[in-house]
file upload_4.cif (mmCIF, C-alpha atoms (C1' of nucleotides))
data_protein
loop_
_atom_site.label_atom_id
_atom_site.label_comp_id
_atom_site.auth_asym_id
_atom_site.auth_seq_id
_atom_site.Cartn_x
_atom_site.Cartn_y
_atom_site.Cartn_z
CA MET A 1 53.94 -194.90 -71.14
CA GLY A 2 53.86 -195.46 -67.43
CA LYS A 3 50.42 -196.49 -66.24
CA GLN A 4 50.58 -193.89 -63.48
CA MET A 5 51.22 -191.12 -66.00
CA THR A 6 48.42 -192.37 -68.22
CA GLU A 7 45.94 -192.12 -65.38
CA MET A 8 47.28 -188.83 -64.15
CA LEU A 9 46.92 -187.26 -67.57
CA LYS A 10 43.20 -187.89 -67.46
CA GLY A 11 41.72 -184.52 -66.77
CA THR A 12 45.00 -182.66 -67.08
CA LEU A 13 45.83 -183.26 -70.74
CA GLU A 14 42.84 -181.24 -71.84
CA GLY A 15 44.00 -178.34 -69.69
CA ILE A 16 47.53 -178.65 -71.04
CA VAL A 17 46.30 -178.43 -74.62
CA LEU A 18 44.03 -175.48 -73.83
CA ALA A 19 47.00 -173.77 -72.20
CA LEU A 20 49.12 -174.41 -75.28
CA LEU A 21 46.47 -172.72 -77.39
CA THR A 22 46.38 -169.50 -75.40
CA GLY A 23 47.88 -166.77 -77.49
CA SER A 24 48.69 -168.85 -80.52
CA PRO A 25 46.35 -171.02 -82.56
CA ALA A 26 47.71 -174.40 -83.62
CA TYR A 27 46.76 -177.53 -85.53
CA GLY A 28 46.76 -181.13 -84.35
CA TYR A 29 50.07 -182.30 -85.69
CA GLU A 30 51.71 -179.15 -84.39
CA ILE A 31 50.22 -179.65 -80.93
CA THR A 32 51.52 -183.20 -80.85
CA THR A 33 55.05 -182.06 -81.61
CA LEU A 34 54.73 -179.18 -79.10
CA LEU A 35 53.76 -181.67 -76.41
CA ARG A 36 56.69 -183.88 -77.27
CA ALA A 37 59.01 -180.89 -77.12
CA GLN A 38 57.73 -180.07 -73.65
CA GLY A 39 58.68 -183.49 -72.36
CA PHE A 40 55.50 -185.44 -72.98
CA THR A 41 57.37 -187.68 -75.35
CA GLU A 42 55.02 -190.61 -75.19
CA ILE A 43 51.64 -189.07 -75.81
CA ALA A 44 50.02 -190.94 -78.69
CA GLU A 45 49.00 -189.04 -81.79
CA GLY A 46 45.54 -190.55 -81.72
CA THR A 47 45.03 -189.28 -78.21
CA VAL A 48 45.60 -185.69 -79.27
CA TYR A 49 43.21 -185.88 -82.21
CA ALA A 50 40.52 -187.46 -80.09
CA LEU A 51 40.96 -184.72 -77.51
CA LEU A 52 40.72 -182.03 -80.17
CA VAL A 53 37.47 -183.50 -81.46
CA ARG A 54 36.16 -183.40 -77.90
CA ILE A 55 37.03 -179.80 -77.14
CA GLU A 56 35.63 -178.77 -80.51
CA GLN A 57 32.34 -180.50 -79.72
CA LYS A 58 32.27 -178.81 -76.33
CA GLY A 59 32.63 -175.49 -78.14
CA LEU A 60 35.88 -174.48 -76.43
CA VAL A 61 37.70 -173.75 -79.67
CA ASP A 62 37.04 -172.30 -83.10
CA VAL A 63 38.24 -174.31 -86.07
CA GLU A 64 39.51 -173.23 -89.45
CA LYS A 65 40.76 -175.37 -92.31
CA ARG A 66 43.90 -174.25 -94.03
CA PRO A 67 45.79 -175.86 -96.90
CA SER A 68 49.23 -177.24 -96.10
CA GLU A 69 52.34 -177.17 -98.25
CA LYS A 70 52.84 -180.78 -97.35
CA GLY A 71 50.07 -183.28 -96.97
CA PRO A 72 46.36 -182.90 -96.21
CA PRO A 73 44.80 -179.61 -95.05
CA ARG A 74 45.37 -178.56 -91.45
CA LYS A 75 42.64 -177.98 -88.92
CA VAL A 76 43.72 -174.89 -86.98
CA TYR A 77 42.27 -174.56 -83.48
CA THR A 78 41.80 -171.21 -81.74
CA LEU A 79 40.80 -170.85 -78.10
CA ASN A 80 37.53 -168.89 -77.80
CA SER A 81 35.96 -167.20 -74.80
CA LEU A 82 34.26 -170.38 -73.59
CA GLY A 83 37.60 -172.13 -73.81
CA GLU A 84 39.26 -169.40 -71.79
CA LYS A 85 36.63 -169.79 -69.11
CA GLU A 86 37.20 -173.54 -69.05
CA LEU A 87 40.94 -172.96 -68.80
CA ASP A 88 40.41 -170.63 -65.84
CA GLU A 89 38.43 -173.33 -64.06
CA PHE A 90 41.11 -175.84 -64.93
CA TRP A 91 43.76 -173.73 -63.22
CA ASN A 92 41.55 -173.36 -60.16
CA THR A 93 41.02 -177.10 -59.92
CA TRP A 94 44.69 -177.72 -60.51
CA SER A 95 45.73 -175.21 -57.84
CA PHE A 96 43.49 -176.84 -55.28
CA LEU A 97 44.85 -180.31 -55.97
CA SER A 98 48.40 -179.08 -56.20
CA GLU A 99 48.25 -177.37 -52.82
CA ARG A 100 46.79 -180.42 -51.07
CA LEU A 101 49.45 -182.65 -52.53
CA GLU A 102 52.28 -180.32 -51.65
CA GLN A 103 50.92 -180.28 -48.12
CA LEU A 104 50.85 -184.06 -48.06
CA ARG A 105 54.34 -184.38 -49.44
CA THR A 106 55.88 -182.03 -46.90
CA GLY A 107 54.63 -184.14 -44.05
CA GLY A 108 51.28 -182.53 -43.49
CA ASN A 109 50.12 -186.01 -42.64
CA MET B 1 31.68 -182.95 -57.61
CA GLY B 2 33.03 -180.88 -60.46
CA LYS B 3 33.63 -182.98 -63.54
CA GLN B 4 37.12 -181.52 -63.90
CA MET B 5 38.04 -182.58 -60.38
CA THR B 6 36.63 -186.05 -60.96
CA GLU B 7 38.84 -186.53 -63.96
CA MET B 8 41.86 -184.96 -62.35
CA LEU B 9 41.62 -187.27 -59.35
CA LYS B 10 42.11 -190.26 -61.61
CA GLY B 11 45.57 -191.50 -60.88
CA THR B 12 46.19 -189.01 -58.09
CA LEU B 13 43.67 -190.26 -55.57
CA GLU B 14 45.57 -193.51 -55.19
CA GLY B 15 48.74 -191.58 -54.47
CA ILE B 16 46.93 -189.37 -51.98
CA VAL B 17 45.69 -192.39 -50.06
CA LEU B 18 49.10 -194.05 -50.11
CA ALA B 19 50.57 -190.81 -48.79
CA LEU B 20 47.99 -190.71 -46.03
CA LEU B 21 49.02 -194.21 -45.01
CA THR B 22 52.72 -193.42 -44.60
CA GLY B 23 53.56 -193.52 -40.96
CA SER B 24 50.13 -194.38 -39.66
CA PRO B 25 47.91 -197.29 -40.67
CA ALA B 26 44.24 -196.51 -41.12
CA TYR B 27 40.94 -198.12 -42.05
CA GLY B 28 38.52 -197.20 -44.80
CA TYR B 29 36.04 -195.12 -42.93
CA GLU B 30 38.88 -193.25 -41.24
CA ILE B 31 40.56 -192.55 -44.57
CA THR B 32 37.31 -191.17 -45.94
CA THR B 33 36.98 -188.75 -43.02
CA LEU B 34 40.68 -187.84 -43.29
CA LEU B 35 40.19 -186.98 -46.94
CA ARG B 36 37.18 -184.84 -46.14
CA ALA B 37 39.15 -183.08 -43.43
CA GLN B 38 41.86 -182.27 -45.94
CA GLY B 39 39.42 -180.52 -48.21
CA PHE B 40 38.30 -183.37 -50.47
CA THR B 41 34.79 -182.94 -49.17
CA GLU B 42 33.04 -184.58 -52.04
CA ILE B 43 34.87 -187.83 -52.50
CA ALA B 44 32.31 -190.64 -52.45
CA GLU B 45 32.62 -193.33 -49.82
CA GLY B 46 32.28 -196.08 -52.40
CA THR B 47 35.21 -194.63 -54.30
CA VAL B 48 37.51 -194.98 -51.31
CA TYR B 49 36.54 -198.57 -50.59
CA ALA B 50 36.95 -199.55 -54.22
CA LEU B 51 40.39 -197.95 -54.25
CA LEU B 52 41.38 -199.84 -51.10
CA VAL B 53 40.36 -203.13 -52.65
CA ARG B 54 42.52 -202.25 -55.65
CA ILE B 55 45.66 -201.38 -53.73
CA GLU B 56 45.21 -204.49 -51.61
CA GLN B 57 45.01 -206.65 -54.73
CA LYS B 58 48.10 -204.95 -56.10
CA GLY B 59 49.87 -205.90 -52.88
CA LEU B 60 50.73 -202.33 -51.87
CA VAL B 61 49.28 -202.67 -48.38
CA ASP B 62 48.96 -205.22 -45.61
CA VAL B 63 45.53 -205.71 -44.13
CA GLU B 64 44.43 -206.63 -40.64
CA LYS B 65 40.92 -207.01 -39.30
CA ARG B 66 40.21 -205.44 -35.95
CA PRO B 67 36.96 -205.36 -34.00
CA SER B 68 35.34 -201.97 -33.63
CA GLU B 69 33.50 -200.61 -30.62
CA LYS B 70 30.82 -199.44 -32.98
CA GLY B 71 29.67 -201.33 -36.01
CA PRO B 72 31.33 -204.01 -38.11
CA PRO B 73 35.02 -204.90 -37.81
CA ARG B 74 37.51 -202.49 -39.33
CA LYS B 75 39.96 -203.39 -42.06
CA VAL B 76 43.19 -201.65 -41.13
CA TYR B 77 45.57 -200.93 -44.01
CA THR B 78 49.33 -200.59 -43.56
CA LEU B 79 51.69 -199.44 -46.30
CA ASN B 80 54.29 -202.12 -47.05
CA SER B 81 57.58 -201.88 -48.93
CA LEU B 82 55.96 -202.39 -52.32
CA GLY B 83 53.54 -199.63 -51.46
CA GLU B 84 56.38 -197.32 -50.50
CA LYS B 85 58.04 -197.99 -53.82
CA GLU B 86 54.79 -197.21 -55.63
CA LEU B 87 54.45 -194.01 -53.62
CA ASP B 88 57.96 -192.97 -54.63
CA GLU B 89 57.08 -193.46 -58.27
CA PHE B 90 53.89 -191.53 -57.72
CA TRP B 91 55.80 -188.53 -56.39
CA ASN B 92 58.16 -188.70 -59.36
CA THR B 93 55.28 -188.76 -61.83
CA TRP B 94 53.54 -185.98 -59.94
CA SER B 95 56.66 -183.82 -59.86
CA PHE B 96 57.14 -184.18 -63.58
CA LEU B 97 53.57 -183.19 -64.35
CA SER B 98 53.58 -180.44 -61.77
CA GLU B 99 56.71 -178.83 -63.18
CA ARG B 100 55.43 -178.87 -66.77
CA LEU B 101 52.16 -177.31 -65.69
CA GLU B 102 53.82 -174.64 -63.61
CA GLN B 103 55.95 -173.82 -66.63
CA LEU B 104 52.86 -173.59 -68.81
CA ARG B 105 51.01 -171.40 -66.34
CA THR B 106 53.82 -168.90 -65.99
CA GLY B 107 53.82 -168.21 -69.68
CA GLY B 108 56.37 -170.76 -70.80
CA ASN B 109 54.20 -171.11 -73.84
"C1'" DT C 1 11.76 -199.44 -31.85
"C1'" DC C 2 13.51 -196.31 -34.60
"C1'" DG C 3 16.68 -193.06 -36.41
"C1'" DG C 4 21.54 -192.13 -36.76
"C1'" DC C 5 26.23 -193.19 -36.65
"C1'" DT C 6 29.85 -196.51 -37.75
"C1'" DA C 7 31.85 -199.64 -41.37
"C1'" DC C 8 32.20 -202.17 -45.45
"C1'" DT C 9 30.44 -204.04 -50.22
"C1'" DT C 10 28.88 -204.23 -54.92
"C1'" DA C 11 26.65 -203.45 -59.69
"C1'" DG C 12 26.51 -200.55 -63.43
"C1'" DC C 13 27.85 -196.04 -65.73
"C1'" DG C 14 30.58 -192.19 -68.03
"C1'" DT C 15 34.89 -190.24 -69.22
"C1'" DT C 16 39.42 -190.43 -70.86
"C1'" DA C 17 43.93 -192.04 -72.73
"C1'" DC C 18 45.66 -196.01 -75.16
"C1'" DT C 19 46.63 -199.29 -79.10
"C1'" DA C 20 46.29 -200.22 -83.69
"C1'" DT C 21 45.10 -199.25 -88.04
"C1'" DG C 22 43.75 -196.60 -91.87
"C1'" DT C 23 43.41 -192.63 -95.31
"C1'" DA C 24 45.63 -189.04 -98.06
"C1'" DC C 25 48.98 -185.82 -99.87
"C1'" DT C 26 53.94 -184.33 -100.94
"C1'" DA C 27 58.85 -184.82 -101.91
"C1'" DG C 28 63.02 -187.30 -102.45
"C1'" DT C 29 65.46 -191.17 -104.42
"C1'" DA C 30 66.94 -195.43 -106.41
"C1'" DT D 1 58.06 -196.17 -111.91
"C1'" DA D 2 58.12 -197.76 -107.17
"C1'" DC D 3 59.63 -197.04 -102.67
"C1'" DT D 4 60.25 -194.55 -98.54
"C1'" DA D 5 59.65 -190.96 -95.26
"C1'" DG D 6 57.38 -187.08 -93.52
"C1'" DT D 7 53.09 -184.45 -92.90
"C1'" DA D 8 48.22 -184.51 -91.31
"C1'" DC D 9 43.96 -186.30 -89.71
"C1'" DA D 10 40.47 -190.09 -88.29
"C1'" DT D 11 38.41 -193.98 -85.79
"C1'" DA D 12 37.13 -198.63 -83.72
"C1'" DG D 13 37.83 -201.12 -79.68
"C1'" DT D 14 40.00 -201.56 -74.84
"C1'" DA D 15 41.37 -200.65 -69.91
"C1'" DA D 16 41.30 -197.95 -65.88
"C1'" DC D 17 39.14 -195.24 -62.54
"C1'" DG D 18 35.91 -192.34 -59.97
"C1'" DC D 19 30.91 -191.87 -59.55
"C1'" DT D 20 26.02 -193.01 -58.30
"C1'" DA D 21 23.03 -195.80 -55.95
"C1'" DA D 22 21.79 -199.24 -53.19
"C1'" DG D 23 22.58 -202.56 -49.87
"C1'" DT D 24 24.25 -205.29 -45.41
"C1'" DA D 25 25.40 -205.14 -40.57
"C1'" DG D 26 26.30 -203.72 -35.77
"C1'" DC D 27 25.83 -200.44 -32.06
"C1'" DC D 28 23.74 -196.68 -29.41
"C1'" DG D 29 20.61 -193.22 -27.37
"C1'" DA D 30 16.02 -191.04 -27.36
#

call {"tool": "encode", "arguments": {"input": "upload_4.cif", "output": "structure tokens"}}
result
Amino acid sequence: MGKQMTEMLKGTLEGIVLALLTGSPAYGYEITTLLRAQGFTEIAEGTVYALLVRIEQKGLVDVEKRPSEKGPPRKVYTLNSLGEKELDEFWNTWSFLSERLEQLRTGGN
Amino acid sequence: MGKQMTEMLKGTLEGIVLALLTGSPAYGYEITTLLRAQGFTEIAEGTVYALLVRIEQKGLVDVEKRPSEKGPPRKVYTLNSLGEKELDEFWNTWSFLSERLEQLRTGGN
DNA sequence: TCGGCTACTTAGCGTTACTATGTACTAGTA
DNA sequence: TACTAGTACATAGTAACGCTAAGTAGCCGA
């Protein structure tokens, strides 16, 4: 992956995953494929699992184990109220940054 | 500073500074105050200087020392052609990320 | 002379995404 | 049976970057 993208994903990837979880619970492997489908083709599998461990430890998601037809049991992640709050803050932070950058790009030098 | 913002600035702060340098050269202290004026009120001074060292070592800027009326000599940074190329790539990366996130926010779940 | 502004530097830390590798289960196939 | 591929999760070690904290150094006005 481009080094720029790697750095830029720091801080945003968590928000992206939380956003993916709004409305519909999902498990790790599924999230990975969702990300790839949305254009993030080069996000490493290990990265996603590590992130999921993190947001679970922070208490942003509820976890449930469900058997799979194929392979080992899935860990299904559901966004809880703390996670929704975190996601709200994420969008605020993102909006701030996004506005400044748009200003910079359109010659607000 | 908010932890979210800290993480989100990784990878973008460099682009922001490069963008600030387009058109008008500037020195470290000046860049810090420029950033604060643009709303990034909590970016640490040491962070800016460290970043400037980095982009100088990457060869993205030309540097010139100029005496100051007050205090130690200034190191004036000018964006060079390599820096412009890097800035272009930055905007591409940013656009990509920005579009995906906007899609996610507006319910493109 | 002493605080405050200008201006730059550096050491050490925490967080995050990456690479690389491994485990484990199922189904298809030669 | 042995293999291959797909599903599904886990983890040890690394690099990059922004932060904190502390310092050096010059100038000025009270």

call {"tool": "closest_residue", "arguments": {"input": "upload_4.cif", "among": "B:Ala37, B:Val76, B:Leu101, B:Ala44", "to": "chain A", "atoms": "all atoms listed in the file"}}
result
B:Leu101

call {"tool": "atom_distance", "arguments": {"input": "upload_4.cif", "atom1": "CA of Leu34 in chain A", "atom2": "CA of Val61 in chain A"}}
result
17.9 Å

call {"tool": "closest_residue", "arguments": {"input": "upload_4.cif", "among": "B:Gly39, B:Gly107, B:Gly83, B:Gly46", "to": "chain D", "atoms": "all atoms listed in the file"}}
result
B:Gly46

call {"tool": "closest_atom_pairs", "arguments": {"input": "upload_4.cif", "of": "chain B", "to": "chain A", "cutoff": "8 Å", "atoms": "only C-alpha atoms", "output": "tab-separated table"}}
result
residue	atom	partner	partner_atom	distance
B:Gln4	CA	A:Gly11	CA	6.2
B:Met5	CA	A:Thr93	CA	6.3
B:Thr6	CA	A:Gly11	CA	7.9
B:Glu7	CA	A:Gly11	CA	4.5
B:Met8	CA	A:Gly11	CA	4.4
B:Leu9	CA	A:Met8	CA	7.6
B:Lys10	CA	A:Glu7	CA	5.7
B:Gly11	CA	A:Met8	CA	4.6
B:Thr12	CA	A:Met8	CA	6.2
B:Ile16	CA	A:Leu101	CA	7.2
B:Ala19	CA	A:Leu104	CA	6.8
B:Leu20	CA	A:Asn109	CA	6.2
B:Gln38	CA	A:Arg100	CA	7.4
B:Gly39	CA	A:Arg100	CA	7.9
B:Phe90	CA	A:Gln4	CA	7.1
B:Thr93	CA	A:Met5	CA	6.3
B:Ser98	CA	A:Ser98	CA	7.7
B:Arg100	CA	A:Gln38	CA	7.4
B:Leu101	CA	A:Ile16	CA	7.2
B:Leu104	CA	A:Ala19	CA	6.8
B:Arg105	CA	A:Ala19	CA	7.5
B:Asn109	CA	A:Leu20	CA	6.2

call {"tool": "residues_around", "arguments": {"input": "upload_4.cif", "residues": "range 4-6 of chain C", "least_positions_apart": "2", "cutoff": "10 Å", "atoms": "all atoms listed in the file", "output": "PyMOL selection string"}}
result
(chain B and resi 29+68-74) or (chain C and resi 2+8) or (chain D and resi 26-29)

call {"tool": "write_last_selection", "arguments": {"input": "upload_4.cif", "atoms": "C-alpha atoms (C1' of nucleotides)", "output": "CSV table (one decimal), keeping the file's coordinate frame"}}
result
chain,number,residue,atom,x,y,z
B,29,TYR,CA,36.0,-195.1,-42.9
B,68,SER,CA,35.3,-202.0,-33.6
B,69,GLU,CA,33.5,-200.6,-30.6
B,70,LYS,CA,30.8,-199.4,-33.0
B,71,GLY,CA,29.7,-201.3,-36.0
B,72,PRO,CA,31.3,-204.0,-38.1
B,73,PRO,CA,35.0,-204.9,-37.8
B,74,ARG,CA,37.5,-202.5,-39.3
C,2,DC,C1',13.5,-196.3,-34.6
C,8,DC,C1',32.2,-202.2,-45.4
D,26,DG,C1',26.3,-203.7,-35.8
D,27,DC,C1',25.8,-200.4,-32.1
D,28,DC,C1',23.7,-196.7,-29.4
D,29,DG,C1',20.6,-193.2,-27.4

call {"tool": "resolve_selection", "arguments": {"input": "upload_4.cif", "expression": "the PyMOL selection byres ((chain A and resi 47) around 12)", "output": "ChimeraX atom specification"}}
result
/A:6,9-10,13-14,17,28-29,31-32,35,42-46,48-54 /C:16-19 /D:9-11

call {"tool": "interface_residues", "arguments": {"input": "upload_4.cif", "of": "chain D", "to": "chain A", "cutoff": "12 Å", "atoms": "all atoms listed in the file", "output": "short mmCIF file (atom, residue, chain, number, x, y, z; two decimals) with C-alpha atoms (C1' of nucleotides), in the coordinates of the input"}}
result
data_model
loop_
_atom_site.label_atom_id
_atom_site.label_comp_id
_atom_site.auth_asym_id
_atom_site.auth_seq_id
_atom_site.Cartn_x
_atom_site.Cartn_y
_atom_site.Cartn_z
"C1'" DG D 6 57.38 -187.08 -93.52
"C1'" DT D 7 53.09 -184.45 -92.90
"C1'" DA D 8 48.22 -184.51 -91.31
"C1'" DC D 9 43.96 -186.30 -89.71
"C1'" DA D 10 40.47 -190.09 -88.29
"C1'" DT D 11 38.41 -193.98 -85.79
"C1'" DA D 12 37.13 -198.63 -83.72
"C1'" DA D 15 41.37 -200.65 -69.91
"C1'" DA D 16 41.30 -197.95 -65.88
"C1'" DC D 17 39.14 -195.24 -62.54
"C1'" DG D 18 35.91 -192.34 -59.97
#

call {"tool": "atom_distance", "arguments": {"input": "upload_4.cif", "atom1": "CA of Pro67 in chain B", "atom2": "C1' of DT10 in chain C"}}
result
22.5 Å

call {"tool": "axis_aligned_box", "arguments": {"input": "upload_4.cif", "around": "range 9-23 of chain C", "padding_each_side": "4 Å", "output": "lines of an AutoDock Vina configuration file"}}
result
center_x = 36.6
center_y = -197.2
center_z = -72.8
size_x = 28.1
size_y = 22.0
size_z = 53.1

call {"tool": "atom_distance", "arguments": {"input": "upload_4.cif", "atom1": "CA of Ile55 in chain B", "atom2": "CA of Thr41 in chain A"}}
result
28.1 Å

call {"tool": "resolve_selection", "arguments": {"input": "upload_4.cif", "expression": "the PyMOL selection byres ((chain D and resi 4) around 12)", "output": "list in words"}}
result
DA27, DG28, DT29 and DA30 of chain C; DA2, DC3, DA5 and DG6 of chain D

call {"tool": "residues_around", "arguments": {"input": "upload_4.cif", "residues": "Tyr77 in chain A", "least_positions_apart": "4", "cutoff": "7 Å", "atoms": "only C-alpha atoms (C1' of nucleotides)", "output": "ChimeraX atom specification"}}
result
/A:25-27,61-64

call {"tool": "build_atoms", "arguments": {"input": "upload_4.cif", "residues": "range 44-69 of chain A", "atoms": "N, CA and C atoms", "output": "compact mmCIF listing (two decimals), in the frame of the given file"}}
result
# COMPACT_ATOMS: atom_id res chain seq x y z
N ALA A 44 50.36 -190.39 -77.38
CA ALA A 44 50.02 -190.94 -78.69
C ALA A 44 49.32 -189.90 -79.55
N GLU A 45 49.60 -189.97 -80.85
CA GLU A 45 49.00 -189.04 -81.79
C GLU A 45 47.48 -189.12 -81.73
N GLY A 46 46.98 -190.34 -81.74
CA GLY A 46 45.54 -190.55 -81.72
C GLY A 46 44.87 -189.89 -80.53
N THR A 47 45.56 -189.89 -79.43
CA THR A 47 45.03 -189.28 -78.21
C THR A 47 44.78 -187.79 -78.42
N VAL A 48 45.73 -187.13 -79.04
CA VAL A 48 45.60 -185.69 -79.27
C VAL A 48 44.42 -185.39 -80.19
N TYR A 49 44.30 -186.15 -81.28
CA TYR A 49 43.21 -185.88 -82.21
C TYR A 49 41.86 -186.12 -81.56
N ALA A 50 41.77 -187.17 -80.78
CA ALA A 50 40.52 -187.46 -80.09
C ALA A 50 40.16 -186.32 -79.13
N LEU A 51 41.17 -185.82 -78.44
CA LEU A 51 40.96 -184.72 -77.51
C LEU A 51 40.49 -183.47 -78.24
N LEU A 52 41.09 -183.21 -79.40
CA LEU A 52 40.72 -182.03 -80.17
C LEU A 52 39.27 -182.11 -80.65
N VAL A 53 38.87 -183.31 -81.08
CA VAL A 53 37.47 -183.50 -81.46
C VAL A 53 36.56 -183.16 -80.28
N ARG A 54 36.98 -183.61 -79.11
CA ARG A 54 36.16 -183.40 -77.90
C ARG A 54 36.02 -181.92 -77.57
N ILE A 55 37.13 -181.21 -77.53
CA ILE A 55 37.03 -179.80 -77.14
C ILE A 55 36.33 -178.97 -78.23
N GLU A 56 36.40 -179.46 -79.46
CA GLU A 56 35.63 -178.77 -80.51
C GLU A 56 34.13 -178.98 -80.27
N GLN A 57 33.75 -180.20 -79.96
CA GLN A 57 32.34 -180.50 -79.72
C GLN A 57 31.81 -179.78 -78.49
N LYS A 58 32.68 -179.54 -77.53
CA LYS A 58 32.27 -178.81 -76.33
C LYS A 58 32.22 -177.30 -76.60
N GLY A 59 32.71 -176.91 -77.77
CA GLY A 59 32.63 -175.49 -78.14
C GLY A 59 33.70 -174.63 -77.49
N LEU A 60 34.82 -175.23 -77.10
CA LEU A 60 35.88 -174.48 -76.43
C LEU A 60 36.85 -173.83 -77.41
N VAL A 61 36.77 -174.25 -78.66
CA VAL A 61 37.70 -173.75 -79.67
C VAL A 61 36.96 -173.45 -80.98
N ASP A 62 37.52 -172.53 -81.75
CA ASP A 62 37.04 -172.30 -83.10
C ASP A 62 37.99 -173.00 -84.06
N VAL A 63 37.44 -173.51 -85.16
CA VAL A 63 38.24 -174.31 -86.07
C VAL A 63 38.24 -173.70 -87.46
N GLU A 64 39.39 -173.74 -88.09
CA GLU A 64 39.51 -173.23 -89.45
C GLU A 64 40.39 -174.17 -90.25
N LYS A 65 39.95 -174.49 -91.47
CA LYS A 65 40.76 -175.37 -92.31
C LYS A 65 41.68 -174.57 -93.19
N ARG A 66 42.94 -174.95 -93.19
CA ARG A 66 43.90 -174.25 -94.03
C ARG A 66 44.73 -175.24 -94.83
N PRO A 67 44.97 -174.95 -96.09
CA PRO A 67 45.79 -175.86 -96.90
C PRO A 67 47.22 -175.92 -96.36
N SER A 68 47.85 -177.06 -96.55
CA SER A 68 49.23 -177.24 -96.10
C SER A 68 50.13 -177.39 -97.30
N GLU A 69 51.38 -176.97 -97.16
CA GLU A 69 52.34 -177.17 -98.25
C GLU A 69 52.63 -178.66 -98.43
